[in-house]
Structure formats: structure tokens, C-alpha cells
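Colleague: Got a file for you: my_file19.cif, mmCIF, C-alpha atoms.
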```cif
data_my_file
loop_
_atom_site.label_atom_id
_atom_site.label_comp_id
_atom_site.auth_asym_id
_atom_site.auth_seq_id
_atom_site.Cartn_x
_atom_site.Cartn_y
_atom_site.Cartn_z
CA MET V 222 -24.74 9.06 6.99
CA ASP V 223 -21.83 7.77 4.91
CA LEU V 224 -18.92 7.14 7.26
CA LEU V 225 -16.54 5.19 5.03
CA THR V 226 -16.67 6.54 1.48
CA ALA V 227 -14.33 9.52 2.02
CA PRO V 228 -11.65 7.58 3.98
CA LEU V 229 -11.86 4.71 1.49
CA GLY V 230 -11.49 7.19 -1.37
CA ASP V 231 -8.37 8.64 0.27
CA LEU V 232 -6.86 5.17 0.77
CA LEU V 233 -7.70 4.19 -2.78
CA ALA V 234 -6.01 7.32 -4.15
CA GLN V 235 -2.90 6.64 -2.04
CA ALA V 236 -2.77 2.98 -3.05
CA SER V 237 -3.27 3.85 -6.71
CA GLN V 238 -0.44 6.36 -6.61
CA LEU V 239 1.83 3.89 -4.80
CA VAL V 240 1.20 1.17 -7.39
CA ARG V 241 1.87 3.58 -10.27
CA ASP V 242 5.03 4.93 -8.64
CA ALA V 243 6.31 1.41 -7.87
CA ALA V 244 5.73 0.31 -11.46
CA ALA V 245 7.16 3.46 -13.08
CA GLY V 246 10.21 3.50 -10.81
CA ARG V 247 10.71 -0.29 -11.04
CA MET V 248 10.98 -0.17 -7.24
CA LEU V 249 10.42 -3.89 -6.69
CA GLU V 250 13.11 -4.78 -9.23
CA ARG V 251 15.59 -2.42 -7.60
CA ALA V 252 15.02 -3.73 -4.06
CA THR V 253 17.52 -6.03 -2.36
CA GLU V 254 16.25 -9.48 -1.41
CA HIS V 255 15.71 -8.39 2.21
CA GLU V 256 13.96 -5.21 1.12
CA LEU V 257 11.75 -7.16 -1.28
CA ALA V 258 10.87 -9.67 1.46
CA ARG V 259 9.87 -6.82 3.82
CA GLN V 260 7.86 -5.17 1.04
CA VAL V 261 5.97 -8.37 0.18
CA SER V 262 5.25 -8.90 3.89
CA ALA V 263 3.85 -5.35 4.19
CA ILE V 264 1.76 -5.82 1.03
CA GLY V 265 0.38 -9.02 2.59
CA ASP V 266 -0.49 -7.07 5.76
CA LEU V 267 -2.42 -4.54 3.66
CA ALA V 268 -4.21 -7.30 1.77
CA ARG V 269 -5.35 -8.97 5.00
CA LEU V 270 -6.64 -5.68 6.41
CA THR V 271 -8.52 -5.05 3.18
CA GLU V 272 -9.96 -8.57 3.36
CA ALA V 273 -11.12 -7.94 6.94
CA LEU V 274 -13.13 -4.93 5.81
CA LEU V 275 -14.41 -6.83 2.79
CA VAL V 276 -15.50 -9.80 4.95
CA ASP V 277 -17.47 -7.47 7.23
CA ALA V 278 -19.03 -5.64 4.27
CA VAL V 279 -20.05 -8.90 2.58
CA GLY V 280 -21.45 -10.08 5.91
CA GLU V 281 -23.59 -6.95 6.11
CA ILE V 282 -24.80 -7.44 2.52
CA THR V 283 -25.71 -11.01 3.49
CA ARG V 284 -27.57 -9.84 6.60
CA ARG V 285 -29.54 -7.34 4.53
CA SER V 286 -30.39 -10.00 1.96
CA GLU V 287 -31.56 -12.93 4.08
CA HIS V 288 -34.30 -11.83 6.47
CA GLY V 289 -37.83 -10.75 5.67
CA CYS V 290 -39.47 -10.39 2.29
CA ARG V 291 -37.40 -10.90 -0.87
CA ASP V 292 -38.56 -7.51 -2.16
CA ASP V 293 -36.82 -5.92 0.84
CA PHE V 294 -33.48 -7.64 0.22
CA MET V 295 -30.49 -5.50 -0.71
CA THR V 296 -29.78 -7.92 -3.54
CA SER V 297 -33.26 -7.33 -4.95
CA HIS V 298 -32.92 -3.54 -4.68
CA LEU V 299 -29.67 -3.71 -6.65
CA GLY V 300 -31.00 -6.08 -9.32
CA CYS V 301 -29.19 -9.27 -8.32
CA ARG V 302 -30.47 -12.79 -7.69
CA ASN V 303 -28.31 -13.43 -4.64
CA VAL V 304 -25.39 -12.21 -2.54
CA THR V 305 -22.82 -14.00 -4.67
CA GLU V 306 -23.95 -12.21 -7.83
CA LEU V 307 -24.00 -8.82 -6.08
CA VAL V 308 -20.50 -9.31 -4.61
CA GLU V 309 -19.23 -10.44 -8.05
CA ASN V 310 -20.65 -7.29 -9.64
CA LEU V 311 -19.35 -4.93 -6.96
CA THR V 312 -15.84 -6.38 -6.59
CA ARG V 313 -15.23 -7.94 -10.05
CA MET V 314 -14.27 -11.17 -8.26
CA ASP V 315 -15.42 -14.57 -9.43
CA ALA V 316 -18.26 -16.53 -7.82
CA ARG V 317 -15.86 -18.81 -5.93
CA THR V 318 -14.15 -15.86 -4.22
CA ALA V 319 -17.49 -14.20 -3.45
CA THR V 320 -18.68 -17.43 -1.86
CA ARG V 321 -15.49 -17.73 0.22
CA LEU V 322 -16.05 -14.18 1.53
CA GLN V 323 -19.58 -15.12 2.58
CA ARG V 324 -18.37 -18.26 4.38
CA ALA V 325 -15.70 -16.25 6.21
CA ALA V 326 -18.26 -13.60 7.19
CA ARG V 327 -20.62 -16.22 8.62
CA ALA V 328 -17.81 -17.52 10.82
CA VAL V 329 -16.37 -14.30 12.21
CA ARG V 330 -18.96 -11.56 11.87
CA PRO V 331 -21.15 -10.84 14.90
CA GLU V 332 -24.83 -11.67 14.45
CA VAL V 333 -27.43 -8.93 14.80
CA SER V 334 -30.74 -9.86 16.39
CA THR V 335 -33.64 -9.28 13.99
CA THR V 336 -35.93 -8.44 16.91
CA THR V 337 -33.78 -6.24 19.17
CA GLY V 338 -30.98 -5.06 16.87
CA GLU V 339 -28.49 -6.16 19.53
CA GLN V 340 -25.15 -7.47 18.34
CA THR V 341 -24.12 -10.91 19.59
CA ASP V 342 -20.65 -12.45 19.67
CA ALA V 343 -19.22 -13.93 16.51
CA ARG V 344 -19.04 -17.73 16.36
CA PHE V 345 -15.24 -17.44 16.56
CA PRO V 346 -14.50 -14.25 18.55
CA GLU V 347 -10.73 -14.82 18.97
CA LEU V 348 -10.40 -15.36 15.24
CA ARG V 349 -12.49 -12.27 14.52
CA SER V 350 -10.11 -10.23 16.65
CA ALA V 351 -7.13 -11.67 14.75
CA MET V 352 -8.81 -10.84 11.44
CA ILE V 353 -9.52 -7.24 12.49
CA ASP V 354 -5.85 -6.94 13.55
CA GLY V 355 -4.75 -8.08 10.08
CA VAL V 356 -3.23 -11.30 11.41
CA VAL V 357 -5.35 -13.60 9.25
CA GLY V 358 -7.15 -13.10 5.97
CA VAL V 359 -9.90 -15.10 4.30
CA ASP V 360 -7.61 -18.08 3.71
CA GLY V 361 -6.67 -18.21 7.39
CA VAL V 362 -10.25 -17.73 8.60
CA LEU V 363 -11.48 -20.62 6.46
CA ALA V 364 -8.47 -22.82 7.28
CA ILE V 365 -9.38 -22.56 10.95
CA THR V 366 -13.17 -22.41 10.94
CA GLU V 367 -14.23 -24.91 8.32
CA PRO V 368 -12.66 -27.96 10.00
CA LEU V 369 -13.90 -26.77 13.41
CA GLN V 370 -17.42 -26.30 12.11
CA ALA V 371 -17.35 -29.69 10.39
CA SER V 372 -16.29 -31.34 13.65
CA SER V 373 -18.85 -29.53 15.82
CA PRO V 374 -21.14 -32.55 16.21
CA ARG V 375 -18.18 -34.49 17.66
CA ILE V 376 -16.60 -31.82 19.86
CA GLY V 377 -18.29 -29.52 22.34
CA PRO V 378 -18.28 -25.72 22.39
CA SER V 379 -15.56 -25.45 25.05
CA ALA V 380 -13.22 -27.78 23.12
CA ARG V 381 -13.91 -25.82 19.94
CA ARG V 382 -13.12 -22.52 21.72
CA HIS V 383 -9.92 -24.01 23.11
CA ALA V 384 -8.85 -25.20 19.64
CA GLU V 385 -9.65 -21.75 18.24
CA GLU V 386 -7.52 -20.06 20.92
CA ILE V 387 -4.54 -22.32 20.26
CA VAL V 388 -4.61 -21.89 16.49
CA VAL V 389 -5.15 -18.12 16.70
CA ALA V 390 -2.12 -17.93 19.01
CA GLU V 391 -0.14 -19.78 16.32
CA ALA V 392 -1.42 -17.27 13.72
CA ARG V 393 -0.18 -14.41 15.89
CA GLY V 394 3.20 -16.07 16.47
CA GLU V 395 2.34 -16.52 20.16
CA GLY V 396 1.91 -20.30 20.14
CA PRO V 397 3.47 -22.68 22.66
CA HIS V 398 6.39 -23.54 20.38
CA GLY V 399 7.44 -19.93 19.77
CA ALA V 400 7.17 -20.29 15.99
CA PRO V 401 6.72 -17.20 13.83
CA PRO V 402 3.20 -16.26 12.68
CA ALA V 403 1.73 -19.17 10.74
CA SER V 404 0.49 -19.09 7.14
CA ALA V 405 -3.00 -20.31 6.22
CA GLY V 406 -1.63 -23.70 5.15
CA ILE V 407 0.18 -24.17 8.45
CA LEU V 408 -2.92 -23.03 10.36
CA ARG V 409 -4.92 -25.78 8.65
CA VAL V 410 -2.37 -28.33 9.90
CA HIS V 411 -2.31 -26.82 13.41
CA GLU V 412 -6.10 -26.81 13.54
CA ALA V 413 -6.20 -30.51 12.66
CA ASP V 414 -3.57 -31.22 15.36
CA THR V 415 -5.62 -29.43 18.04
CA ARG V 416 -8.58 -31.70 17.31
CA GLY V 417 -6.45 -34.87 16.99
#
```
Let me see the file written as C-alpha cells.

Modeller:
Amino acid sequence: MDLLTAPLGDLLAQASQLVRDAAAGRMLERATEHELARQVSAIGDLARLTEALLVDAVGEITRRSEHGCRDDFMTSHLGCRNVTELVENLTRMDARTATRLQRAARAVRPEVSTTTGEQTDARFPELRSAMIDGVVGVDGVLAITEPLQASSPRIGPSARRHAEEIVVAEARGEGPHGAPPASAGILRVHEADTRG
């Protein structure tokens, strides 16, 4: 049962028309500075939501291509050597971007038990929630998770969860200092501060 193809097709048609209309009408050029700032912010929101869906999809491709016999892998069925090559072919992204999507998926996508089929919590559940809400994209996910994962031998699970909660609050603009939502670069700095 294909649950996403029709809605994705509708969104793609709407987005395609919007891009063509914006270009033909020179809408971005005609916007005031404040209008342009709001438009770029909204486009960023859309990009992060798209990335959230892409991270989950790449995570599912990875799940279907890692367990069991190589002949049963999704990558094998579709004629690719590995997940990176398949994601490159499907999205027309480069290998570096495909690899970043896989790293983000490993951090925020729930695991599925190979024996029971039960879904377990993601490694970073608060961050997953922020990603699904469109608060953070791939850059933000990696800015937060990679340093935390690298420090995991030195800090315990509860300290890691606490650091995750603080930085996700900063990403949402709900941090202790009342700052606006933080960019990926700022999140990297905040994440380092929470471990310092």
C-alpha cells in the first residue's frame, strides 16, 4: 500500500508551480527587505521539513540494506553497491550529502527490532521531535549529535540526555537565555558549552 506517493506528487506539483511563478514574476526581486527575510525564513522551514522526511526515508533504506543476506538488501534489489550509491541515484545528491543523511538518520530515527518488529526510541528522542517539527534540519541534527556521540565514553547517558534537552531548547528558541531559535552553527557552540 503506497501511502506517500500521491501526497508527495501533490506537494511536488505545488512547489514546482510556486518556483516557476516566483521566477517568472520576479517575486523575490520585488519583495521589500522584510518581505524577503520572511520569505527566506519560510523557505528554510520547508527545507527542514523536507529534510526530516528525507532523513527518515534514508534511515528506512539503511534498515532494509543492513540486516540479513546481501541478496535481500534493498540496495542489491535496486542494483547499487551500498546505501550511499542508492541515495545518490535517487536524489541526485553527491556522496557527501548522502552520507550526512545516513549519519543523521542513525542519530534520530527509531530502531526497529529485527526479531519482534517493535520500534524502540531514537538515540536522541528530543532532537527527533524537533526535526519532525521542522525546527532543525540535517545540519542541526549533526551539529548536536556528533559531538555528543564522540563524547559518550566520557559522559553518561543522563548527562547526554540533559545536554540534548538544553540544546534542543535553544534550537526551539526556548533556552534559558530567551534567545531566538539557534542556527546549526550556534547549536554546535551551545552543544560544546553544555559539555564544558

Colleague: Identify, on the basis of only C-alpha atoms, every residue whose closest approach to V:Arg321 does not exceed 12 Å; exclude the query and any residue fewer than 6 positions from it along the same chain; express the result as a list in words.

Modeller: Glu272, Leu275, Val276, Val279, Gly280, Val304, Thr305, Val308, Glu309, Met314, Asp315, Arg327, Ala328, Gly358, Val359, Asp360, Gly361, Val362, Leu363, Ala364, Thr366 and Glu367 of chain V

Colleague: Taking into account all atoms listed in the file, which residue in the set V:Glu395, V:Asp223, V:Glu306, V:Glu254 is nearest to V:Val356?

Modeller: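 Closest residue, counting all atoms listed in the file: V:Glu395.
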
Colleague: Given all atoms listed in the file as the basis, pick out the residue of V:Arg317, V:Arg381, V:Arg247, V:Arg324 nearest to V:Glu347.

Modeller: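 Of V:Arg317, V:Arg381, V:Arg247, V:Arg324, the one nearest V:Glu347 is V:Arg381, counting all atoms listed in the file.
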
Colleague: Which residue, V:Thr336, V:Arg344, V:Leu232, V:Ala403, has the smallest gap to V:Gly289 when you use only C-alpha atoms?

Modeller: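 The answer is V:Thr336, which sits nearest to V:Gly289.
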
Colleague: Figure out the distance between atom CA of V:Leu267 and atom CA of V:Leu225, please, to one decimal in Å.

Modeller: 17.2 Å

Colleague: Skip V:Phe345 itself and residues of its chain fewer than 6 positions away, then list as a list of chain:residue names all residues within 12 Å of it, counting all atoms listed in the file.

Modeller: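 Here the answer would be V:Ala325, V:Ala326, V:Arg327, V:Ala328, V:Val329, V:Arg330, V:Pro331, V:Glu332, V:Ala351, V:Met352, V:Val362, V:Leu363, V:Ile365, V:Thr366, V:Glu367, V:Leu369, V:Gln370, V:Pro378, V:Ser379, V:Arg381, V:Arg382, V:His383, V:Ala384, V:Glu385, V:Glu386, V:Val388, V:Val389.
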
Colleague: Distance atom CA of V:Glu391-atom CA of V:Arg409, one decimal place?

Modeller: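 Atom-to-atom, atom CA of V:Glu391 and atom CA of V:Arg409 are spaced 10.8 Å apart.
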
Colleague: Just to confirm, what's the straight-line distance from atom CA of V:His411 to atom CA of V:Ala371 in Å (one decimal)?

Modeller: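 Computing it gives 15.6 Å between the two atoms.
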
Colleague: Using only C-alpha atoms, which residue out of V:Ile407, V:Leu311, V:Cys301, V:Ile282 lies closest to V:Gln323?

Modeller: V:Ile282

Colleague: Nearest residue to V:Ser404 out of V:Ser262, V:Thr283, V:Thr271, V:Ser334, using all atoms listed in the file?

Modeller: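 Under the stated criterion, the closest residue is V:Ser262.
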
Colleague: Taking 3 positions as the minimum chain separation for residues in the same chain, which residues sit within 7 Å of V:Met295 when counting only C-alpha atoms? Answer as a PyMOL selection string.

Modeller: chain V and resi 282+285-286+298-299

Colleague: Output C-alpha atoms for every residue in the selection just made, as a short mmCIF file (atom, residue, chain, number, x, y, z; two decimals), in the frame of the given file.

Modeller:
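Written output follows (result.cif):
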```
data_model
loop_
_atom_site.label_atom_id
_atom_site.label_comp_id
_atom_site.auth_asym_id
_atom_site.auth_seq_id
_atom_site.Cartn_x
_atom_site.Cartn_y
_atom_site.Cartn_z
CA ILE V 282 -24.80 -7.44 2.52
CA ARG V 285 -29.54 -7.34 4.53
CA SER V 286 -30.39 -10.00 1.96
CA HIS V 298 -32.92 -3.54 -4.68
CA LEU V 299 -29.67 -3.71 -6.65
#
```

Colleague: For stretch 376-382 of chain V, take all atoms listed in the file, fit an axis-aligned box around them, add 4 Å to each of the six sides, then output centre and edge lengths in Å rounded to one decimal, as lines of an AutoDock Vina configuration file.

Modeller:
```
center_x = -15.7
center_y = -27.2
center_z = 22.5
size_x = 13.2
size_y = 17.3
size_z = 13.2
```
